[in-house]
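S.K.: mmCIF, N, CA and C atoms and all ligand atoms, file protein_16.cif:
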```cif
data_target
#
loop_
_atom_site.label_atom_id
_atom_site.label_comp_id
_atom_site.auth_asym_id
_atom_site.auth_seq_id
_atom_site.Cartn_x
_atom_site.Cartn_y
_atom_site.Cartn_z
N LYS K 1 4.09 14.01 -47.31
CA LYS K 1 5.13 13.02 -47.01
C LYS K 1 5.57 13.11 -45.55
N PHE K 2 5.85 14.35 -45.10
CA PHE K 2 6.28 14.52 -43.72
C PHE K 2 5.18 14.15 -42.74
N GLU K 3 3.93 14.47 -43.15
CA GLU K 3 2.81 14.12 -42.28
C GLU K 3 2.81 12.62 -41.99
N LYS K 4 3.11 11.87 -43.01
CA LYS K 4 3.08 10.41 -42.88
C LYS K 4 4.11 9.94 -41.86
N ILE K 5 5.31 10.52 -41.98
CA ILE K 5 6.39 10.14 -41.05
C ILE K 5 5.97 10.46 -39.61
N TRP K 6 5.40 11.65 -39.42
CA TRP K 6 4.99 12.04 -38.06
C TRP K 6 3.86 11.17 -37.54
N LEU K 7 2.98 10.80 -38.44
CA LEU K 7 1.87 9.95 -38.04
C LEU K 7 2.39 8.60 -37.55
N ILE K 8 3.31 8.04 -38.31
CA ILE K 8 3.89 6.74 -37.92
C ILE K 8 4.64 6.88 -36.60
N PHE K 9 5.38 7.97 -36.48
CA PHE K 9 6.14 8.23 -35.25
C PHE K 9 5.18 8.33 -34.05
N GLY K 10 4.08 9.08 -34.25
CA GLY K 10 3.09 9.27 -33.18
C GLY K 10 2.46 7.96 -32.74
N ILE K 11 2.00 7.20 -33.73
CA ILE K 11 1.35 5.93 -33.39
C ILE K 11 2.37 4.97 -32.76
N GLY K 12 3.59 4.99 -33.30
CA GLY K 12 4.64 4.14 -32.75
C GLY K 12 4.90 4.46 -31.29
N SER K 13 4.98 5.75 -30.94
CA SER K 13 5.23 6.13 -29.54
C SER K 13 4.08 5.70 -28.65
N LEU K 14 2.88 5.84 -29.16
CA LEU K 14 1.71 5.45 -28.39
C LEU K 14 1.80 3.99 -27.99
N PHE K 15 2.12 3.14 -28.96
CA PHE K 15 2.22 1.71 -28.65
C PHE K 15 3.39 1.43 -27.73
N LEU K 16 4.47 2.16 -27.92
CA LEU K 16 5.64 1.98 -27.07
C LEU K 16 5.26 2.28 -25.61
N PHE K 17 4.56 3.41 -25.38
CA PHE K 17 4.18 3.77 -24.02
C PHE K 17 3.20 2.77 -23.41
N LEU K 18 2.23 2.37 -24.23
CA LEU K 18 1.26 1.38 -23.74
C LEU K 18 2.00 0.10 -23.36
N GLY K 19 2.97 -0.25 -24.19
CA GLY K 19 3.76 -1.45 -23.92
C GLY K 19 4.50 -1.34 -22.60
N ILE K 20 5.09 -0.19 -22.35
CA ILE K 20 5.84 0.00 -21.10
C ILE K 20 4.89 -0.10 -19.90
N ILE K 21 3.73 0.51 -20.01
CA ILE K 21 2.76 0.44 -18.92
C ILE K 21 2.34 -1.01 -18.69
N GLY K 22 2.14 -1.73 -19.78
CA GLY K 22 1.72 -3.14 -19.69
C GLY K 22 2.78 -3.98 -18.98
N VAL K 23 4.03 -3.78 -19.38
CA VAL K 23 5.12 -4.55 -18.77
C VAL K 23 5.19 -4.24 -17.28
N ASN K 24 5.08 -2.94 -16.95
CA ASN K 24 5.09 -2.53 -15.54
C ASN K 24 4.00 -3.20 -14.75
N ALA K 25 2.80 -3.19 -15.30
CA ALA K 25 1.64 -3.68 -14.57
C ALA K 25 1.69 -5.19 -14.40
N PHE K 26 2.05 -5.91 -15.45
CA PHE K 26 1.90 -7.36 -15.38
C PHE K 26 3.15 -8.11 -14.97
N TYR K 27 4.33 -7.59 -15.32
CA TYR K 27 5.53 -8.33 -14.97
C TYR K 27 6.19 -7.82 -13.71
N MET K 28 6.03 -6.54 -13.41
CA MET K 28 6.71 -5.99 -12.25
C MET K 28 5.78 -5.82 -11.07
N GLY K 29 4.53 -6.10 -11.26
CA GLY K 29 3.60 -6.07 -10.14
C GLY K 29 3.24 -4.69 -9.66
N ASN K 30 3.41 -3.68 -10.49
CA ASN K 30 3.00 -2.33 -10.10
C ASN K 30 1.53 -2.12 -10.45
N GLN K 31 0.73 -1.95 -9.45
CA GLN K 31 -0.70 -1.75 -9.68
C GLN K 31 -1.12 -0.45 -9.01
N PRO K 32 -2.10 0.21 -9.55
CA PRO K 32 -2.58 1.42 -8.87
C PRO K 32 -3.12 1.04 -7.49
N PRO K 33 -3.18 2.02 -6.59
CA PRO K 33 -3.69 1.70 -5.24
C PRO K 33 -5.04 1.01 -5.36
N SER K 34 -5.17 -0.07 -4.61
CA SER K 34 -6.41 -0.82 -4.73
C SER K 34 -7.45 -0.29 -3.76
N CYS K 35 -8.62 -0.04 -4.25
CA CYS K 35 -9.72 0.42 -3.40
C CYS K 35 -10.84 -0.57 -3.59
N LEU K 36 -10.93 -1.52 -2.69
CA LEU K 36 -11.84 -2.63 -2.90
C LEU K 36 -13.17 -2.44 -2.19
N VAL K 37 -13.11 -1.89 -1.00
CA VAL K 37 -14.31 -1.78 -0.20
C VAL K 37 -14.48 -0.33 0.26
N THR K 38 -15.68 0.13 0.30
CA THR K 38 -15.92 1.47 0.80
C THR K 38 -16.48 1.37 2.21
N ILE K 39 -15.95 2.19 3.09
CA ILE K 39 -16.43 2.19 4.47
C ILE K 39 -16.69 3.63 4.89
N ASP K 40 -17.32 3.78 6.01
CA ASP K 40 -17.57 5.11 6.54
C ASP K 40 -16.40 5.48 7.46
N PRO K 41 -15.59 6.49 7.08
CA PRO K 41 -14.41 6.82 7.89
C PRO K 41 -14.76 7.10 9.35
N GLU K 42 -15.94 7.64 9.59
CA GLU K 42 -16.36 7.94 10.96
C GLU K 42 -16.51 6.67 11.78
N LYS K 43 -16.82 5.58 11.09
CA LYS K 43 -17.10 4.34 11.80
C LYS K 43 -15.95 3.35 11.76
N VAL K 44 -14.76 3.85 11.32
CA VAL K 44 -13.61 2.97 11.20
C VAL K 44 -13.33 2.22 12.50
N ASP K 45 -13.56 2.90 13.62
CA ASP K 45 -13.29 2.29 14.92
C ASP K 45 -14.10 1.03 15.16
N ILE K 46 -15.32 1.01 14.64
CA ILE K 46 -16.15 -0.15 14.94
C ILE K 46 -16.39 -1.06 13.74
N THR K 47 -15.91 -0.66 12.57
CA THR K 47 -16.11 -1.50 11.39
C THR K 47 -15.08 -2.62 11.36
N GLU K 48 -15.53 -3.82 11.13
CA GLU K 48 -14.62 -4.95 10.95
C GLU K 48 -13.77 -4.72 9.71
N PRO K 49 -12.52 -5.08 9.67
CA PRO K 49 -11.73 -5.59 10.81
C PRO K 49 -11.05 -4.46 11.57
N PHE K 50 -11.42 -3.21 11.25
CA PHE K 50 -10.68 -2.07 11.80
C PHE K 50 -10.96 -1.80 13.27
N ASN K 51 -11.93 -2.53 13.83
CA ASN K 51 -12.17 -2.38 15.26
C ASN K 51 -11.04 -3.03 16.06
N GLN K 52 -10.28 -3.92 15.38
CA GLN K 52 -9.16 -4.57 16.06
C GLN K 52 -7.92 -4.51 15.19
N PRO K 53 -7.27 -3.36 15.11
CA PRO K 53 -6.06 -3.29 14.31
C PRO K 53 -4.99 -4.19 14.91
N GLY K 54 -4.17 -4.76 14.06
CA GLY K 54 -3.10 -5.62 14.56
C GLY K 54 -2.88 -6.82 13.67
N VAL K 55 -2.05 -7.72 14.16
CA VAL K 55 -1.68 -8.91 13.40
C VAL K 55 -2.58 -10.07 13.80
N LYS K 56 -3.09 -10.75 12.81
CA LYS K 56 -3.96 -11.89 13.08
C LYS K 56 -3.53 -13.05 12.20
N LYS K 57 -3.44 -14.23 12.80
CA LYS K 57 -3.09 -15.41 12.02
C LYS K 57 -4.34 -15.90 11.33
N ILE K 58 -4.31 -16.03 10.01
CA ILE K 58 -5.53 -16.47 9.32
C ILE K 58 -5.34 -17.80 8.61
N GLY K 59 -4.17 -18.38 8.72
CA GLY K 59 -3.95 -19.68 8.09
C GLY K 59 -2.53 -20.14 8.30
N GLN K 60 -2.23 -21.29 7.72
CA GLN K 60 -0.89 -21.85 7.80
C GLN K 60 0.10 -20.85 7.18
N ASN K 61 0.96 -20.28 8.02
CA ASN K 61 1.96 -19.34 7.52
C ASN K 61 1.36 -18.14 6.78
N HIS K 62 0.20 -17.72 7.22
CA HIS K 62 -0.55 -16.67 6.54
C HIS K 62 -1.12 -15.71 7.60
N TYR K 63 -0.80 -14.43 7.45
CA TYR K 63 -1.23 -13.45 8.45
C TYR K 63 -1.97 -12.29 7.80
N GLN K 64 -2.86 -11.70 8.56
CA GLN K 64 -3.50 -10.48 8.10
C GLN K 64 -3.14 -9.36 9.07
N VAL K 65 -2.66 -8.27 8.52
CA VAL K 65 -2.31 -7.13 9.36
C VAL K 65 -3.29 -6.00 9.05
N THR K 66 -4.05 -5.62 10.05
CA THR K 66 -5.03 -4.55 9.88
C THR K 66 -4.43 -3.26 10.43
N ILE K 67 -4.46 -2.23 9.62
CA ILE K 67 -3.83 -0.97 10.00
C ILE K 67 -4.80 0.20 9.85
N VAL K 68 -4.85 1.01 10.89
CA VAL K 68 -5.66 2.23 10.84
C VAL K 68 -4.69 3.40 10.98
N THR K 69 -4.83 4.39 10.12
CA THR K 69 -3.96 5.55 10.23
C THR K 69 -4.78 6.78 10.54
N GLN K 70 -4.08 7.73 11.11
CA GLN K 70 -4.70 8.99 11.50
C GLN K 70 -3.54 9.94 11.73
N ALA K 71 -3.71 11.21 11.44
CA ALA K 71 -2.60 12.15 11.59
C ALA K 71 -2.14 12.13 13.05
N PHE K 72 -0.91 11.79 13.34
CA PHE K 72 0.17 11.41 12.44
C PHE K 72 0.74 10.08 12.92
N ALA K 73 -0.07 9.05 12.84
CA ALA K 73 0.39 7.76 13.37
C ALA K 73 -0.25 6.58 12.66
N PHE K 74 0.46 5.46 12.73
CA PHE K 74 -0.07 4.19 12.26
C PHE K 74 -0.44 3.37 13.50
N THR K 75 -1.59 2.72 13.44
CA THR K 75 -1.96 1.78 14.50
C THR K 75 -2.15 0.41 13.85
N PRO K 76 -1.41 -0.63 14.29
CA PRO K 76 -0.37 -0.60 15.33
C PRO K 76 0.91 0.05 14.82
N ASN K 77 1.76 0.40 15.79
CA ASN K 77 2.99 1.09 15.47
C ASN K 77 4.14 0.14 15.19
N THR K 78 4.04 -1.05 15.78
CA THR K 78 5.05 -2.08 15.54
C THR K 78 4.34 -3.37 15.17
N ILE K 79 4.76 -3.94 14.07
CA ILE K 79 4.13 -5.16 13.57
C ILE K 79 5.18 -6.25 13.55
N THR K 80 4.86 -7.38 14.14
CA THR K 80 5.82 -8.49 14.14
C THR K 80 5.26 -9.67 13.37
N VAL K 81 5.98 -10.09 12.36
CA VAL K 81 5.55 -11.25 11.55
C VAL K 81 6.75 -12.16 11.33
N PRO K 82 6.48 -13.47 11.15
CA PRO K 82 7.60 -14.38 10.91
C PRO K 82 8.12 -14.32 9.47
N LYS K 83 9.38 -14.60 9.33
CA LYS K 83 10.02 -14.63 8.02
C LYS K 83 9.37 -15.70 7.13
N GLY K 84 9.20 -15.35 5.87
CA GLY K 84 8.67 -16.32 4.90
C GLY K 84 7.17 -16.47 4.90
N ALA K 85 6.48 -15.81 5.81
CA ALA K 85 5.02 -15.94 5.86
C ALA K 85 4.37 -14.99 4.87
N LYS K 86 3.18 -15.38 4.44
CA LYS K 86 2.43 -14.51 3.54
C LYS K 86 1.68 -13.50 4.42
N VAL K 87 1.88 -12.22 4.15
CA VAL K 87 1.27 -11.19 4.99
C VAL K 87 0.35 -10.32 4.14
N ASP K 88 -0.91 -10.31 4.50
CA ASP K 88 -1.88 -9.44 3.82
C ASP K 88 -2.06 -8.17 4.64
N PHE K 89 -1.81 -7.04 4.01
CA PHE K 89 -2.03 -5.76 4.68
C PHE K 89 -3.39 -5.20 4.27
N VAL K 90 -4.17 -4.83 5.27
CA VAL K 90 -5.48 -4.23 5.03
C VAL K 90 -5.46 -2.90 5.78
N ALA K 91 -5.55 -1.80 5.03
CA ALA K 91 -5.34 -0.52 5.70
C ALA K 91 -6.32 0.55 5.26
N THR K 92 -6.55 1.48 6.15
CA THR K 92 -7.38 2.63 5.82
C THR K 92 -6.99 3.82 6.69
N THR K 93 -7.64 4.93 6.48
CA THR K 93 -7.34 6.14 7.25
C THR K 93 -8.62 6.69 7.86
N LYS K 94 -8.48 7.29 9.03
CA LYS K 94 -9.66 7.86 9.70
C LYS K 94 -9.89 9.31 9.33
N ASP K 95 -8.82 9.95 8.82
CA ASP K 95 -9.00 11.38 8.53
C ASP K 95 -8.64 11.74 7.09
N VAL K 96 -7.40 12.13 6.87
CA VAL K 96 -7.02 12.58 5.53
C VAL K 96 -6.25 11.48 4.80
N VAL K 97 -5.84 11.78 3.57
CA VAL K 97 -5.07 10.82 2.79
C VAL K 97 -3.68 10.65 3.41
N HIS K 98 -3.30 9.40 3.62
CA HIS K 98 -1.95 9.09 4.08
C HIS K 98 -1.32 8.12 3.11
N GLY K 99 -0.02 8.03 3.19
CA GLY K 99 0.69 7.06 2.36
C GLY K 99 1.04 5.85 3.19
N PHE K 100 1.28 4.75 2.50
CA PHE K 100 1.70 3.51 3.17
C PHE K 100 2.76 2.86 2.31
N GLU K 101 4.00 3.16 2.66
CA GLU K 101 5.10 2.61 1.88
C GLU K 101 5.98 1.80 2.80
N ILE K 102 6.28 0.57 2.39
CA ILE K 102 7.20 -0.25 3.17
C ILE K 102 8.54 -0.21 2.47
N ALA K 103 9.50 0.43 3.11
CA ALA K 103 10.83 0.59 2.51
C ALA K 103 11.43 -0.76 2.19
N GLY K 104 12.00 -0.87 1.02
CA GLY K 104 12.67 -2.10 0.61
C GLY K 104 11.73 -3.14 0.01
N THR K 105 10.47 -2.79 -0.17
CA THR K 105 9.53 -3.71 -0.81
C THR K 105 8.83 -2.98 -1.95
N ASN K 106 7.96 -3.69 -2.61
CA ASN K 106 7.22 -3.10 -3.72
C ASN K 106 5.91 -2.46 -3.25
N ILE K 107 5.70 -2.44 -1.92
CA ILE K 107 4.43 -1.92 -1.41
C ILE K 107 4.48 -0.41 -1.24
N ASN K 108 3.57 0.24 -1.90
CA ASN K 108 3.46 1.70 -1.82
C ASN K 108 2.02 2.04 -2.14
N MET K 109 1.22 2.22 -1.10
CA MET K 109 -0.21 2.45 -1.30
C MET K 109 -0.59 3.85 -0.84
N MET K 110 -1.74 4.25 -1.33
CA MET K 110 -2.32 5.50 -0.88
C MET K 110 -3.53 5.09 -0.04
N LEU K 111 -3.64 5.66 1.17
CA LEU K 111 -4.80 5.34 2.00
C LEU K 111 -5.76 6.51 1.92
N GLU K 112 -6.97 6.24 1.50
CA GLU K 112 -7.94 7.31 1.32
C GLU K 112 -9.11 7.11 2.27
N PRO K 113 -9.64 8.22 2.80
CA PRO K 113 -10.77 8.10 3.72
C PRO K 113 -11.93 7.38 3.05
N GLY K 114 -12.47 6.39 3.72
CA GLY K 114 -13.61 5.68 3.17
C GLY K 114 -13.26 4.49 2.29
N TYR K 115 -11.96 4.30 2.06
CA TYR K 115 -11.56 3.18 1.21
C TYR K 115 -10.59 2.27 1.93
N VAL K 116 -10.59 1.02 1.49
CA VAL K 116 -9.70 0.04 2.08
C VAL K 116 -8.64 -0.31 1.04
N SER K 117 -7.39 -0.19 1.42
CA SER K 117 -6.28 -0.54 0.53
C SER K 117 -5.65 -1.83 1.00
N THR K 118 -5.35 -2.71 0.04
CA THR K 118 -4.75 -3.98 0.43
C THR K 118 -3.49 -4.26 -0.38
N ALA K 119 -2.61 -5.04 0.23
CA ALA K 119 -1.39 -5.45 -0.44
C ALA K 119 -0.89 -6.70 0.26
N THR K 120 -0.15 -7.51 -0.46
CA THR K 120 0.38 -8.75 0.11
C THR K 120 1.89 -8.79 -0.08
N GLN K 121 2.55 -9.27 0.94
CA GLN K 121 4.01 -9.32 0.89
C GLN K 121 4.52 -10.54 1.64
N VAL K 122 5.57 -11.16 1.11
CA VAL K 122 6.28 -12.21 1.83
C VAL K 122 7.66 -11.66 2.13
N PHE K 123 7.99 -11.58 3.43
CA PHE K 123 9.30 -11.04 3.81
C PHE K 123 10.30 -12.20 3.88
N GLU K 124 11.26 -12.17 2.97
CA GLU K 124 12.23 -13.27 2.86
C GLU K 124 13.43 -13.09 3.78
N LYS K 125 13.58 -11.86 4.31
CA LYS K 125 14.74 -11.61 5.17
C LYS K 125 14.26 -11.11 6.53
N THR K 126 14.96 -11.55 7.57
CA THR K 126 14.61 -11.05 8.89
C THR K 126 15.16 -9.64 9.04
N GLY K 127 14.59 -8.92 9.99
CA GLY K 127 15.07 -7.57 10.23
C GLY K 127 13.93 -6.59 10.36
N GLU K 128 14.29 -5.31 10.36
CA GLU K 128 13.30 -4.26 10.52
C GLU K 128 12.99 -3.59 9.20
N TYR K 129 11.73 -3.42 8.95
CA TYR K 129 11.30 -2.71 7.74
C TYR K 129 10.54 -1.48 8.19
N LEU K 130 10.85 -0.36 7.57
CA LEU K 130 10.18 0.88 7.94
C LEU K 130 8.92 1.10 7.11
N ILE K 131 7.87 1.53 7.80
CA ILE K 131 6.66 1.95 7.09
C ILE K 131 6.64 3.47 7.15
N VAL K 132 6.51 4.11 6.02
CA VAL K 132 6.46 5.57 6.03
C VAL K 132 5.22 6.08 5.32
N CYS K 133 4.82 7.27 5.77
CA CYS K 133 3.72 7.96 5.11
C CYS K 133 4.35 8.81 4.02
N ASN K 134 3.94 8.59 2.79
CA ASN K 134 4.55 9.37 1.71
C ASN K 134 3.55 10.29 1.01
N GLU K 135 2.49 10.62 1.73
CA GLU K 135 1.56 11.62 1.20
C GLU K 135 1.55 12.74 2.23
N TYR K 136 1.76 13.96 1.79
CA TYR K 136 1.79 15.05 2.75
C TYR K 136 0.43 15.17 3.45
N CYS K 137 0.44 15.08 4.79
CA CYS K 137 -0.82 15.03 5.50
C CYS K 137 -0.93 16.06 6.62
N GLY K 138 0.06 16.92 6.73
CA GLY K 138 -0.02 17.96 7.76
C GLY K 138 1.32 18.19 8.42
N THR K 139 1.30 18.93 9.53
CA THR K 139 2.54 19.36 10.16
C THR K 139 3.36 18.20 10.71
N GLY K 140 2.73 17.08 11.03
CA GLY K 140 3.49 15.98 11.60
C GLY K 140 3.83 14.91 10.59
N HIS K 141 3.63 15.22 9.33
CA HIS K 141 3.83 14.25 8.25
C HIS K 141 5.19 13.55 8.31
N HIS K 142 6.23 14.33 8.50
CA HIS K 142 7.58 13.76 8.47
C HIS K 142 7.85 12.83 9.64
N MET K 143 6.99 12.90 10.67
CA MET K 143 7.20 12.04 11.83
C MET K 143 6.34 10.79 11.78
N MET K 144 5.54 10.69 10.75
CA MET K 144 4.58 9.60 10.69
C MET K 144 5.23 8.33 10.13
N GLY K 145 5.39 7.36 10.98
CA GLY K 145 6.01 6.12 10.56
C GLY K 145 5.69 4.98 11.51
N ALA K 146 6.08 3.79 11.10
CA ALA K 146 5.90 2.61 11.93
C ALA K 146 6.96 1.60 11.47
N LYS K 147 6.99 0.45 12.14
CA LYS K 147 7.99 -0.53 11.68
C LYS K 147 7.43 -1.94 11.72
N ILE K 148 8.05 -2.77 10.87
CA ILE K 148 7.70 -4.18 10.83
C ILE K 148 8.94 -4.95 11.27
N GLU K 149 8.73 -5.84 12.22
CA GLU K 149 9.84 -6.69 12.65
C GLU K 149 9.62 -8.07 12.10
N VAL K 150 10.53 -8.49 11.26
CA VAL K 150 10.44 -9.84 10.69
C VAL K 150 11.40 -10.72 11.48
N THR K 151 10.85 -11.75 12.11
CA THR K 151 11.66 -12.58 13.00
C THR K 151 11.81 -14.01 12.49
CU1 LIG M 201 0.41 10.82 7.04
CU2 LIG M 201 1.92 12.11 5.71
#
```
I'd like the structure from this file rewritten - as structure tokens, please.
M.R.:
Amino acid sequence: KFEKIWLIFGIGSLFLFLGIIGVNAFYMGNQPPSCLVTIDPEKVDITEPFNQPGVKKIGQNHYQVTIVTQAFAFTPNTITVPKGAKVDFVATTKDVVHGFEIAGTNINMMLEPGYVSTATQVFEKTGEYLIVCNEYCGTGHHMMGAKIEVT
């Protein structure tokens, strides 16, 4: 009799947890770090689009920001985009794993050597947004940051 109760409890919890993960993933937009393309970290300097890190206009109110990281800095260090524009972030790292978190947004990626991480954001408010590295990457980890200026 007790086994039955525990079995129901166990299966019930399983579905409850799966449900929570599902709601998180589909309604709140939380997705695991995306690794879409594999590149050679050694060649990041010359591989498109990482040979030219920075902001590029790719369409009507649509920008692509290419970011290369390396202990302990983001390149570019300051990113300027207009308010309300769709901004695609394309980022990678040349050395170790770094984090890419934009404070005040839902963007929080892990940058892994050899992989390209992407995220899209529309900044509805003007001002400064901080980009921080949230993966411990060495002695300068706490100093590793950049900023986005939304104008
Ligand atoms: Cu880069 Cu911590």
S.K.: Would you compute the distance between atom N of Ala119 of chain K and atom N of Lys57 of chain K? Give it in Å to one decimal.
M.R.: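 So the two atoms, atom N of Ala119 of chain K and atom N of Lys57 of chain K, lie 15.6 Å apart.
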S.K.: Taking the DSSP secondary structure from the backbone, can you list the residues of segment 35-114 of chain K that are strand (DSSP E), as a count of residues only?
M.R.: 39
S.K.: Please find the residues contacting ligand LIG 201 (chain M) at a distance of at most 7 Å between atoms, with only N, CA and C atoms and all ligand atoms counted, and report them as a PDB file with N, CA and C atoms, in the frame of the given file.
M.R.:
```pdb
ATOM      1  N   GLN K  70      -4.080   7.730  11.110  1.00  0.00           N
ATOM      2  CA  GLN K  70      -4.700   8.990  11.500  1.00  0.00           C
ATOM      3  C   GLN K  70      -3.540   9.940  11.730  1.00  0.00           C
ATOM      4  N   ALA K  71      -3.710  11.210  11.440  1.00  0.00           N
ATOM      5  CA  ALA K  71      -2.600  12.150  11.590  1.00  0.00           C
ATOM      6  C   ALA K  71      -2.140  12.130  13.050  1.00  0.00           C
ATOM      7  N   PHE K  72      -0.910  11.790  13.340  1.00  0.00           N
ATOM      8  CA  PHE K  72       0.170  11.410  12.440  1.00  0.00           C
ATOM      9  C   PHE K  72       0.740  10.080  12.920  1.00  0.00           C
ATOM     10  N   ALA K  73      -0.070   9.050  12.840  1.00  0.00           N
ATOM     11  CA  ALA K  73       0.390   7.760  13.370  1.00  0.00           C
ATOM     12  C   ALA K  73      -0.250   6.580  12.660  1.00  0.00           C
ATOM     13  N   VAL K  97      -5.840  11.780   3.570  1.00  0.00           N
ATOM     14  CA  VAL K  97      -5.070  10.820   2.790  1.00  0.00           C
ATOM     15  C   VAL K  97      -3.680  10.650   3.410  1.00  0.00           C
ATOM     16  N   HIS K  98      -3.300   9.400   3.620  1.00  0.00           N
ATOM     17  CA  HIS K  98      -1.950   9.090   4.080  1.00  0.00           C
ATOM     18  C   HIS K  98      -1.320   8.120   3.110  1.00  0.00           C
ATOM     19  N   GLY K  99      -0.020   8.030   3.190  1.00  0.00           N
ATOM     20  CA  GLY K  99       0.690   7.060   2.360  1.00  0.00           C
ATOM     21  C   GLY K  99       1.040   5.850   3.190  1.00  0.00           C
ATOM     22  N   VAL K 132       6.510   4.110   6.020  1.00  0.00           N
ATOM     23  CA  VAL K 132       6.460   5.570   6.030  1.00  0.00           C
ATOM     24  C   VAL K 132       5.220   6.080   5.320  1.00  0.00           C
ATOM     25  N   CYS K 133       4.820   7.270   5.770  1.00  0.00           N
ATOM     26  CA  CYS K 133       3.720   7.960   5.110  1.00  0.00           C
ATOM     27  C   CYS K 133       4.350   8.810   4.020  1.00  0.00           C
ATOM     28  N   ASN K 134       3.940   8.590   2.790  1.00  0.00           N
ATOM     29  CA  ASN K 134       4.550   9.370   1.710  1.00  0.00           C
ATOM     30  C   ASN K 134       3.550  10.290   1.010  1.00  0.00           C
ATOM     31  N   GLU K 135       2.490  10.620   1.730  1.00  0.00           N
ATOM     32  CA  GLU K 135       1.560  11.620   1.200  1.00  0.00           C
ATOM     33  C   GLU K 135       1.550  12.740   2.230  1.00  0.00           C
ATOM     34  N   TYR K 136       1.760  13.960   1.790  1.00  0.00           N
ATOM     35  CA  TYR K 136       1.790  15.050   2.750  1.00  0.00           C
ATOM     36  C   TYR K 136       0.430  15.170   3.450  1.00  0.00           C
ATOM     37  N   CYS K 137       0.440  15.080   4.790  1.00  0.00           N
ATOM     38  CA  CYS K 137      -0.820  15.030   5.500  1.00  0.00           C
ATOM     39  C   CYS K 137      -0.930  16.060   6.620  1.00  0.00           C
ATOM     40  N   GLY K 138       0.060  16.920   6.730  1.00  0.00           N
ATOM     41  CA  GLY K 138      -0.020  17.960   7.760  1.00  0.00           C
ATOM     42  C   GLY K 138       1.320  18.190   8.420  1.00  0.00           C
ATOM     43  N   GLY K 140       2.730  17.080  11.030  1.00  0.00           N
ATOM     44  CA  GLY K 140       3.490  15.980  11.600  1.00  0.00           C
ATOM     45  C   GLY K 140       3.830  14.910  10.590  1.00  0.00           C
ATOM     46  N   HIS K 141       3.630  15.220   9.330  1.00  0.00           N
ATOM     47  CA  HIS K 141       3.830  14.250   8.250  1.00  0.00           C
ATOM     48  C   HIS K 141       5.190  13.550   8.310  1.00  0.00           C
ATOM     49  N   HIS K 142       6.230  14.330   8.500  1.00  0.00           N
ATOM     50  CA  HIS K 142       7.580  13.760   8.470  1.00  0.00           C
ATOM     51  C   HIS K 142       7.850  12.830   9.640  1.00  0.00           C
ATOM     52  N   MET K 144       5.540  10.690  10.750  1.00  0.00           N
ATOM     53  CA  MET K 144       4.580   9.600  10.690  1.00  0.00           C
ATOM     54  C   MET K 144       5.230   8.330  10.130  1.00  0.00           C
TER      55      MET K 144
END
```
S.K.: As number ranges by chain, please: the residues near Asp40 of chain K (cut-off 9 Å, only C-alpha atoms, same-chain neighbours under 2 positions excluded).
M.R.: K: 38, 42-44, 47, 94, 113-115
S.K.: Those residues you just picked out, can you put them in a file as a PDB file, keeping the file's coordinate frame with N, CA and C atoms?
M.R.:
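Contents of the output file again20.pdb:
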```pdb
ATOM      1  N   THR K  38     -15.680   0.130   0.300  1.00  0.00           N
ATOM      2  CA  THR K  38     -15.920   1.470   0.800  1.00  0.00           C
ATOM      3  C   THR K  38     -16.480   1.370   2.210  1.00  0.00           C
ATOM      4  N   GLU K  42     -15.940   7.640   9.590  1.00  0.00           N
ATOM      5  CA  GLU K  42     -16.360   7.940  10.960  1.00  0.00           C
ATOM      6  C   GLU K  42     -16.510   6.670  11.780  1.00  0.00           C
ATOM      7  N   LYS K  43     -16.820   5.580  11.090  1.00  0.00           N
ATOM      8  CA  LYS K  43     -17.100   4.340  11.800  1.00  0.00           C
ATOM      9  C   LYS K  43     -15.950   3.350  11.760  1.00  0.00           C
ATOM     10  N   VAL K  44     -14.760   3.850  11.320  1.00  0.00           N
ATOM     11  CA  VAL K  44     -13.610   2.970  11.200  1.00  0.00           C
ATOM     12  C   VAL K  44     -13.330   2.220  12.500  1.00  0.00           C
ATOM     13  N   THR K  47     -15.910  -0.660  12.570  1.00  0.00           N
ATOM     14  CA  THR K  47     -16.110  -1.500  11.390  1.00  0.00           C
ATOM     15  C   THR K  47     -15.080  -2.620  11.360  1.00  0.00           C
ATOM     16  N   LYS K  94      -8.480   7.290   9.030  1.00  0.00           N
ATOM     17  CA  LYS K  94      -9.660   7.860   9.700  1.00  0.00           C
ATOM     18  C   LYS K  94      -9.890   9.310   9.330  1.00  0.00           C
ATOM     19  N   PRO K 113      -9.640   8.220   2.800  1.00  0.00           N
ATOM     20  CA  PRO K 113     -10.770   8.100   3.720  1.00  0.00           C
ATOM     21  C   PRO K 113     -11.930   7.380   3.050  1.00  0.00           C
ATOM     22  N   GLY K 114     -12.470   6.390   3.720  1.00  0.00           N
ATOM     23  CA  GLY K 114     -13.610   5.680   3.170  1.00  0.00           C
ATOM     24  C   GLY K 114     -13.260   4.490   2.290  1.00  0.00           C
ATOM     25  N   TYR K 115     -11.960   4.300   2.060  1.00  0.00           N
ATOM     26  CA  TYR K 115     -11.560   3.180   1.210  1.00  0.00           C
ATOM     27  C   TYR K 115     -10.590   2.270   1.930  1.00  0.00           C
TER      28      TYR K 115
END
```
S.K.: May I ask which of the residues K:Gly145, K:Gly59, K:Gly10, K:Gly127 is the closest one to Thr78 of chain K, counting all atoms listed in the file?
M.R.: K:Gly145
S.K.: Between atom N of Asn106 of chain K and atom C of Thr69 of chain K, what distance in Å does the model show, to one decimal?
M.R.: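 Between atom N of Asn106 of chain K and atom C of Thr69 of chain K the gap works out to 21.1 Å.
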